[in-house]
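Structure data follow from entry02.cif (mmCIF, C-alpha atoms):
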```
data_entry
loop_
_atom_site.label_atom_id
_atom_site.label_comp_id
_atom_site.auth_asym_id
_atom_site.auth_seq_id
_atom_site.Cartn_x
_atom_site.Cartn_y
_atom_site.Cartn_z
CA MET F 1 90.57 99.11 170.21
CA PRO F 2 92.10 96.95 167.49
CA THR F 3 95.58 97.89 166.32
CA VAL F 4 96.40 98.14 162.62
CA ARG F 5 99.96 97.53 161.51
CA ILE F 6 100.91 99.84 158.64
CA PRO F 7 103.64 98.74 156.21
CA SER F 8 106.52 101.15 155.70
CA VAL F 9 105.50 101.96 152.13
CA LEU F 10 102.12 103.29 153.34
CA ARG F 11 103.30 105.22 156.39
CA LYS F 12 103.47 108.46 154.47
CA HIS F 13 99.69 108.34 154.73
CA THR F 14 99.71 107.89 158.52
CA ASP F 15 102.22 110.62 159.40
CA GLY F 16 104.86 107.95 159.74
CA ALA F 17 102.96 105.85 162.27
CA ALA F 18 103.75 102.12 162.11
CA LYS F 19 100.63 101.27 164.10
CA VAL F 20 97.29 103.00 164.37
CA THR F 21 94.14 102.10 166.25
CA ALA F 22 90.69 101.93 164.72
CA ALA F 23 87.30 100.78 165.94
CA GLY F 24 85.26 98.05 164.30
CA GLY F 25 83.85 94.59 164.78
CA ASN F 26 85.19 93.14 161.55
CA VAL F 27 88.06 93.82 159.16
CA GLY F 28 85.96 95.87 156.78
CA GLU F 29 84.79 98.19 159.55
CA VAL F 30 88.29 98.58 160.95
CA LEU F 31 89.83 99.37 157.56
CA ARG F 32 87.08 101.86 156.76
CA ALA F 33 87.74 103.56 160.09
CA VAL F 34 91.44 103.71 159.25
CA THR F 35 90.82 105.25 155.84
CA ALA F 36 88.39 107.75 157.41
CA ASP F 37 91.22 108.88 159.71
CA HIS F 38 93.87 108.65 156.97
CA PRO F 39 92.17 109.37 153.63
CA GLY F 40 95.38 108.87 151.66
CA LEU F 41 95.15 105.15 152.39
CA GLU F 42 91.77 104.75 150.69
CA GLU F 43 93.07 104.39 147.15
CA GLN F 44 96.06 102.37 148.30
CA LEU F 45 93.96 99.76 150.09
CA PHE F 46 90.68 99.59 148.24
CA ASP F 47 89.52 98.96 144.72
CA GLY F 48 85.84 99.81 145.08
CA ASP F 49 84.51 97.70 147.91
CA SER F 50 87.34 95.17 147.78
CA VAL F 51 90.84 95.22 149.20
CA ARG F 52 93.37 95.43 146.40
CA GLY F 53 94.65 92.03 145.42
CA PHE F 54 98.29 92.75 146.17
CA ILE F 55 97.60 93.80 149.76
CA ASN F 56 97.67 90.92 152.23
CA VAL F 57 95.42 91.51 155.25
CA TYR F 58 95.79 89.46 158.42
CA VAL F 59 93.88 89.33 161.67
CA ASP F 60 96.02 87.95 164.49
CA ASP F 61 98.33 86.41 161.88
CA GLU F 62 95.55 84.71 159.88
CA ASP F 63 95.21 85.72 156.22
CA ILE F 64 91.62 86.96 155.92
CA ARG F 65 91.27 85.34 152.48
CA TYR F 66 91.20 82.03 154.33
CA VAL F 67 88.80 83.24 157.02
CA SER F 68 85.85 85.42 156.02
CA GLY F 69 87.44 88.22 154.02
CA LEU F 70 86.34 91.68 155.11
CA ASP F 71 83.69 90.04 157.34
CA THR F 72 86.42 88.38 159.43
CA PRO F 73 85.69 89.25 163.08
CA VAL F 74 88.10 91.52 164.94
CA GLU F 75 88.39 91.46 168.73
CA ARG F 76 89.16 94.57 170.76
CA ASP F 77 92.72 93.40 171.32
CA SER F 78 93.27 92.07 167.79
CA GLU F 79 96.06 93.16 165.50
CA VAL F 80 95.13 93.74 161.88
CA ALA F 81 98.28 93.65 159.75
CA LEU F 82 98.54 95.06 156.23
CA MET F 83 101.37 93.86 154.07
CA PRO F 84 101.95 94.31 150.34
CA ALA F 85 102.44 90.96 148.67
CA VAL F 86 105.97 90.09 147.59
CA ALA F 87 105.75 88.61 144.13
CA GLY F 88 107.17 88.75 140.66
CA GLY F 89 107.99 86.73 137.63
CA ASP F 90 109.13 86.67 134.05
CA GLY F 91 106.82 88.28 131.57
CA MET U 1 114.06 111.81 141.12
CA GLU U 2 116.32 111.32 144.13
CA PRO U 3 118.33 108.11 143.94
CA ALA U 4 117.32 105.43 146.43
CA PRO U 5 119.43 105.56 149.58
CA GLY U 6 122.42 103.28 149.47
CA VAL U 7 122.38 102.74 145.73
CA ASP U 8 126.07 103.53 145.48
CA VAL U 9 126.92 101.43 148.51
CA PRO U 10 127.86 97.82 147.73
CA TYR U 11 125.54 95.13 149.06
CA LEU U 12 127.82 92.99 151.22
CA LEU U 13 126.98 89.31 151.01
CA ASP U 14 129.06 86.95 153.09
CA ARG U 15 130.08 83.73 151.37
CA GLY U 16 127.95 81.58 153.67
CA THR U 17 124.78 83.52 152.88
CA TRP U 18 125.65 83.56 149.16
CA ASP U 19 125.98 79.78 149.31
CA ARG U 20 122.67 79.47 151.15
CA LEU U 21 120.85 81.57 148.56
CA VAL U 22 122.26 79.49 145.71
CA ALA U 23 121.51 76.24 147.56
CA HIS U 24 117.95 77.41 148.13
CA ALA U 25 117.62 78.25 144.43
CA ARG U 26 118.92 74.80 143.47
CA SER U 27 116.71 73.03 146.01
CA ASP U 28 113.49 73.45 144.05
CA PHE U 29 114.87 73.80 140.52
CA PRO U 30 113.29 74.43 138.01
CA TYR U 31 110.82 76.30 140.20
CA GLU U 32 111.57 79.79 141.43
CA VAL U 33 112.35 80.16 145.14
CA CYS U 34 112.10 83.27 147.30
CA GLY U 35 112.80 84.69 150.72
CA LEU U 36 114.01 87.62 152.76
CA LEU U 37 117.30 88.70 154.28
CA GLY U 38 117.62 91.06 157.22
CA ARG U 39 120.89 92.81 157.94
CA ARG U 40 121.48 93.09 161.67
CA PRO U 41 123.17 96.16 163.14
CA ASP U 42 126.46 94.23 163.32
CA GLY U 43 126.32 93.61 159.58
CA THR U 44 125.49 89.91 159.71
CA LEU U 45 122.54 88.60 157.74
CA ALA U 46 119.46 86.74 158.95
CA HIS U 47 118.05 84.43 156.27
CA PHE U 48 114.31 83.74 155.96
CA PRO U 49 113.50 81.25 153.18
CA ILE U 50 109.81 81.54 152.29
CA ASP U 51 107.72 79.11 150.25
CA ASN U 52 106.82 80.17 146.73
CA ALA U 53 103.03 79.90 146.85
CA ASP U 54 102.98 79.83 143.03
CA ARG U 55 105.48 76.94 142.81
CA SER U 56 106.15 78.08 139.27
CA VAL U 57 109.01 78.07 136.82
CA THR U 58 108.37 81.71 135.94
CA THR U 59 106.67 83.42 138.88
CA TYR U 60 106.85 83.68 142.63
CA ALA U 61 104.54 84.88 145.39
CA MET U 62 105.72 84.63 148.97
CA GLU U 63 103.45 82.50 151.15
CA PRO U 64 101.54 85.16 153.11
CA LYS U 65 101.81 83.78 156.64
CA GLN U 66 105.53 83.07 156.38
CA LEU U 67 105.98 86.53 154.85
CA LEU U 68 104.22 88.20 157.78
CA LYS U 69 106.28 86.30 160.35
CA ALA U 70 109.60 87.13 158.68
CA MET U 71 108.73 90.73 157.85
CA ARG U 72 107.53 91.36 161.39
CA GLU U 73 110.84 90.15 162.81
CA ILE U 74 112.84 92.23 160.31
CA GLU U 75 110.79 95.37 161.03
CA ASP U 76 110.63 94.93 164.78
CA GLU U 77 114.38 94.34 164.99
CA GLY U 78 115.14 97.23 162.67
CA TYR U 79 117.03 95.06 160.19
CA GLU U 80 117.80 96.32 156.68
CA LEU U 81 115.48 94.46 154.31
CA ALA U 82 116.48 92.53 151.22
CA ILE U 83 114.02 90.53 149.12
CA TYR U 84 115.36 87.69 146.98
CA HIS U 85 114.06 85.28 144.40
CA SER U 86 115.58 83.04 141.80
CA HIS U 87 115.45 83.04 138.05
CA THR U 88 116.03 79.54 136.79
CA HIS U 89 116.16 80.25 133.06
CA THR U 90 116.87 83.95 132.68
CA ARG U 91 119.49 86.48 133.70
CA ALA U 92 119.65 87.97 137.18
CA GLU U 93 117.78 91.09 136.15
CA PRO U 94 114.33 92.24 137.24
CA SER U 95 111.61 91.29 134.78
CA ALA U 96 108.83 93.68 133.82
CA THR U 97 106.60 91.85 136.33
CA ASP U 98 109.25 92.08 139.05
CA ILE U 99 109.37 95.84 138.52
CA ARG U 100 105.60 96.30 138.33
CA LEU U 101 104.99 94.35 141.55
CA ALA U 102 107.89 95.81 143.55
CA ALA U 103 106.13 97.29 146.59
CA TYR U 104 109.04 97.83 148.96
CA PRO U 105 111.00 100.91 147.92
CA GLU U 106 113.27 100.64 150.96
CA ALA U 107 114.33 97.10 150.10
CA THR U 108 117.26 95.78 148.15
CA TYR U 109 116.00 93.24 145.60
CA LEU U 110 118.38 90.33 145.08
CA ILE U 111 118.04 87.97 142.14
CA VAL U 112 119.82 84.61 142.05
CA THR U 113 120.15 83.17 138.59
CA LEU U 114 120.71 79.54 137.68
CA GLN U 115 120.55 80.27 133.95
CA ASP U 116 124.04 78.81 133.82
CA ARG U 117 123.72 76.17 136.50
CA ASP U 118 127.48 75.78 136.80
CA HIS U 119 127.97 79.51 137.34
CA PRO U 120 125.17 80.89 139.51
CA ASP U 121 125.12 84.62 140.02
CA VAL U 122 123.51 87.02 142.50
CA ARG U 123 122.81 90.66 141.65
CA ALA U 124 121.18 93.45 143.65
CA PHE U 125 118.82 96.24 142.66
CA HIS U 126 116.73 99.03 144.03
CA ILE U 127 113.34 99.39 142.40
CA LEU U 128 111.64 102.71 143.00
CA ASP U 129 108.53 103.81 141.13
CA GLY U 130 109.43 101.60 138.20
CA ALA U 131 113.03 102.77 138.01
CA VAL U 132 115.69 100.09 138.47
CA THR U 133 119.16 100.88 139.77
CA GLU U 134 121.75 98.17 140.21
CA ARG U 135 123.65 98.00 143.47
CA PRO U 136 126.98 96.17 143.28
CA VAL U 137 127.16 92.88 145.21
CA VAL U 138 130.41 92.30 147.07
CA VAL U 139 130.91 88.77 148.36
CA THR U 140 132.92 88.71 151.55
CA ASP U 141 134.78 85.73 152.94
CA GLN U 142 133.12 85.82 156.31
CA GLN U 143 130.25 87.32 158.18
CA VAL U 144 130.78 91.04 158.58
CA ALA U 145 131.07 91.94 162.25
#
```

Translate this structure into structure tokens?
Amino acid sequence: MPTVRIPSVLRKHTDGAAKVTAAGGNVGEVLRAVTADHPGLEEQLFDGDSVRGFINVYVDDEDIRYVSGLDTPVERDSEVALMPAVAGGDG
Amino acid sequence: MEPAPGVDVPYLLDRGTWDRLVAHARSDFPYEVCGLLGRRPDGTLAHFPIDNADRSVTTYAMEPKQLLKAMREIEDEGYELAIYHSHTHTRAEPSATDIRLAAYPEATYLIVTLQDRDHPDVRAFHILDGAVTERPVVVTDQQVA
């Protein structure tokens, strides 16, 4: 099953687990399976049907925004990584 | 609210790393630069410069693939995380946007300012749920062993 890497700031929703497994053939299915198992992540990850803009999502190190978004295929041995963006600025 | 862990503990920055942060900030002036530091168990610092995907005078956003690579190494090795960026025209204090977008409560946020280009400065902060607490920066002459 694909592995999902949970950033430290969200681990309070996964009982402290840094990695969880979740079934699915694409990123959307995997993330929905994760939020079904860990409902506290739902609001953190999703804004309606979309992943929140400040959460970077990668499949095997590729940013899904440059692949096929939530339709990006996930293999059984893939790692899906979630990582809050690091950004800022004046104003 | 409980203070963030380590707020009262100085952030030790060896002179070499301080110089590298300032050199990085100067390297793309007037654009903001950014990156990560990871403190190893022996106290020394690993430096991960990361491209500013915004390449902006007033904003930064770490290039996502470089961010993942660096953050994975820092997490997997158990290093203490610090997140830095430069301000090229303002003081070394978190802006409203810096505070709003701060998503790593465990991190120390370092800001390098080149507002006075002859006297660069580096300051450190914890940002937790919108509350900013400064952590004193102590520059050491050599890598802490």

Find the residues in chain U near chain F: any atom within 8 Å counts, using all atoms listed in the file. Write them as a VMD selection string.
-> chain U and resid 58 to 62 64 to 65 68 95 to 99 101 to 106

Could you pull the residues within 12 Å of Ala92 of chain U, counting all atoms listed in the file, minus those fewer than 2 positions along the same chain, as an MDAnalysis selection string?
-> (chainID F and resid 89:90) or (chainID U and resid 84:90 94:95 98 109:116 119:125 134)

Can you tell me how far atom CA of Gly69 of chain F sits from atom CA of Lys12 of chain F, in Å to one decimal?
-> 25.8 Å

Output the residue selection produced by the PyMOL selection byres ((chain F and resi 28) around 12) on the file above, formatted as JSON, numbers by chain.
-> {"F": [22, 23, 24, 25, 26, 27, 29, 30, 31, 32, 33, 34, 35, 45, 46, 49, 50, 51, 57, 58, 59, 64, 68, 69, 70, 71, 72, 73, 74, 80]}

Kindly compute an axis-aligned box around the listed atoms of segment 94-113 of chain U, allowing 5 Å on each side, and express its centre and edge lengths in Å to one decimal as AutoDock Vina command-line options.
```
--center_x 112.6 --center_y 92.0 --center_z 142.4 --size_x 25.2 --size_y 27.7 --size_z 27.1
```

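Using the PyMOL selection byres ((chain U and resi 41) around 12) on the file at hand returns these residues: Gly38, Arg39, Arg40, Asp42, Gly43, Thr44, Leu45, Ala46, Ile74, Glu77, Gly78, Tyr79, Glu80, Leu81, Val144 and Ala145 of chain U.
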
Go ahead and compute the interatomic distance for atom CA of Ala53 of chain U and atom CA of Glu93 of chain U, in Å to one decimal.
-> 21.4 Å

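With distances restricted to only C-alpha atoms, F:Leu41 is the closest residue to Arg11 of chain F from F:Gly48, F:Val67, F:Leu41, F:Asp77.
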
Coords for segment 13-35 of chain F, N, CA and C atoms, as a tab-separated table (two decimals), in the first residue's frame:
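Printed below is selection_24.tsv as written:
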```
chain	number	residue	atom	x	y	z
F	13	HIS	N	-2.88	14.74	14.41
F	13	HIS	CA	-4.08	14.12	13.85
F	13	HIS	C	-3.86	12.67	13.47
F	14	THR	N	-2.62	12.17	13.60
F	14	THR	CA	-2.34	10.78	13.25
F	14	THR	C	-1.73	10.05	14.45
F	15	ASP	N	-2.10	10.49	15.64
F	15	ASP	CA	-1.56	9.89	16.87
F	15	ASP	C	-0.04	9.89	16.87
F	16	GLY	N	0.53	10.92	16.28
F	16	GLY	CA	1.99	11.07	16.29
F	16	GLY	C	2.71	10.32	15.19
F	17	ALA	N	1.99	9.60	14.35
F	17	ALA	CA	2.66	8.82	13.31
F	17	ALA	C	3.24	9.73	12.23
F	18	ALA	N	4.52	9.48	11.87
F	18	ALA	CA	5.16	10.24	10.81
F	18	ALA	C	4.82	9.68	9.43
F	19	LYS	N	4.44	8.41	9.40
F	19	LYS	CA	4.05	7.79	8.14
F	19	LYS	C	2.81	6.93	8.39
F	20	VAL	N	1.88	6.99	7.45
F	20	VAL	CA	0.72	6.12	7.51
F	20	VAL	C	0.57	5.47	6.14
F	21	THR	N	-0.18	4.40	6.07
F	21	THR	CA	-0.44	3.78	4.78
F	21	THR	C	-1.90	3.98	4.43
F	22	ALA	N	-2.17	4.06	3.14
F	22	ALA	CA	-3.55	4.27	2.69
F	22	ALA	C	-3.68	3.75	1.27
F	23	ALA	N	-4.79	3.12	0.98
F	23	ALA	CA	-5.01	2.54	-0.34
F	23	ALA	C	-5.50	3.60	-1.31
F	24	GLY	N	-5.21	3.37	-2.60
F	24	GLY	CA	-5.73	4.26	-3.63
F	24	GLY	C	-4.88	4.20	-4.87
F	25	GLY	N	-5.49	4.47	-6.00
F	25	GLY	CA	-4.78	4.40	-7.27
F	25	GLY	C	-4.28	5.76	-7.74
F	26	ASN	N	-4.78	6.82	-7.09
F	26	ASN	CA	-4.26	8.15	-7.41
F	26	ASN	C	-4.21	8.97	-6.12
F	27	VAL	N	-3.63	10.15	-6.21
F	27	VAL	CA	-3.40	10.95	-5.00
F	27	VAL	C	-4.71	11.27	-4.29
F	28	GLY	N	-5.72	11.62	-5.07
F	28	GLY	CA	-6.99	11.98	-4.45
F	28	GLY	C	-7.55	10.82	-3.64
F	29	GLU	N	-7.50	9.62	-4.20
F	29	GLU	CA	-8.02	8.45	-3.48
F	29	GLU	C	-7.21	8.17	-2.22
F	30	VAL	N	-5.90	8.29	-2.34
F	30	VAL	CA	-5.05	8.02	-1.17
F	30	VAL	C	-5.33	9.03	-0.06
F	31	LEU	N	-5.42	10.31	-0.43
F	31	LEU	CA	-5.63	11.34	0.61
F	31	LEU	C	-7.02	11.21	1.23
F	32	ARG	N	-7.99	10.82	0.43
F	32	ARG	CA	-9.33	10.61	1.00
F	32	ARG	C	-9.33	9.42	1.95
F	33	ALA	N	-8.55	8.40	1.62
F	33	ALA	CA	-8.43	7.25	2.53
F	33	ALA	C	-7.75	7.66	3.83
F	34	VAL	N	-6.76	8.53	3.71
F	34	VAL	CA	-6.06	9.01	4.92
F	34	VAL	C	-7.01	9.82	5.80
F	35	THR	N	-7.78	10.70	5.18
F	35	THR	CA	-8.68	11.53	6.00
F	35	THR	C	-9.84	10.70	6.56
```
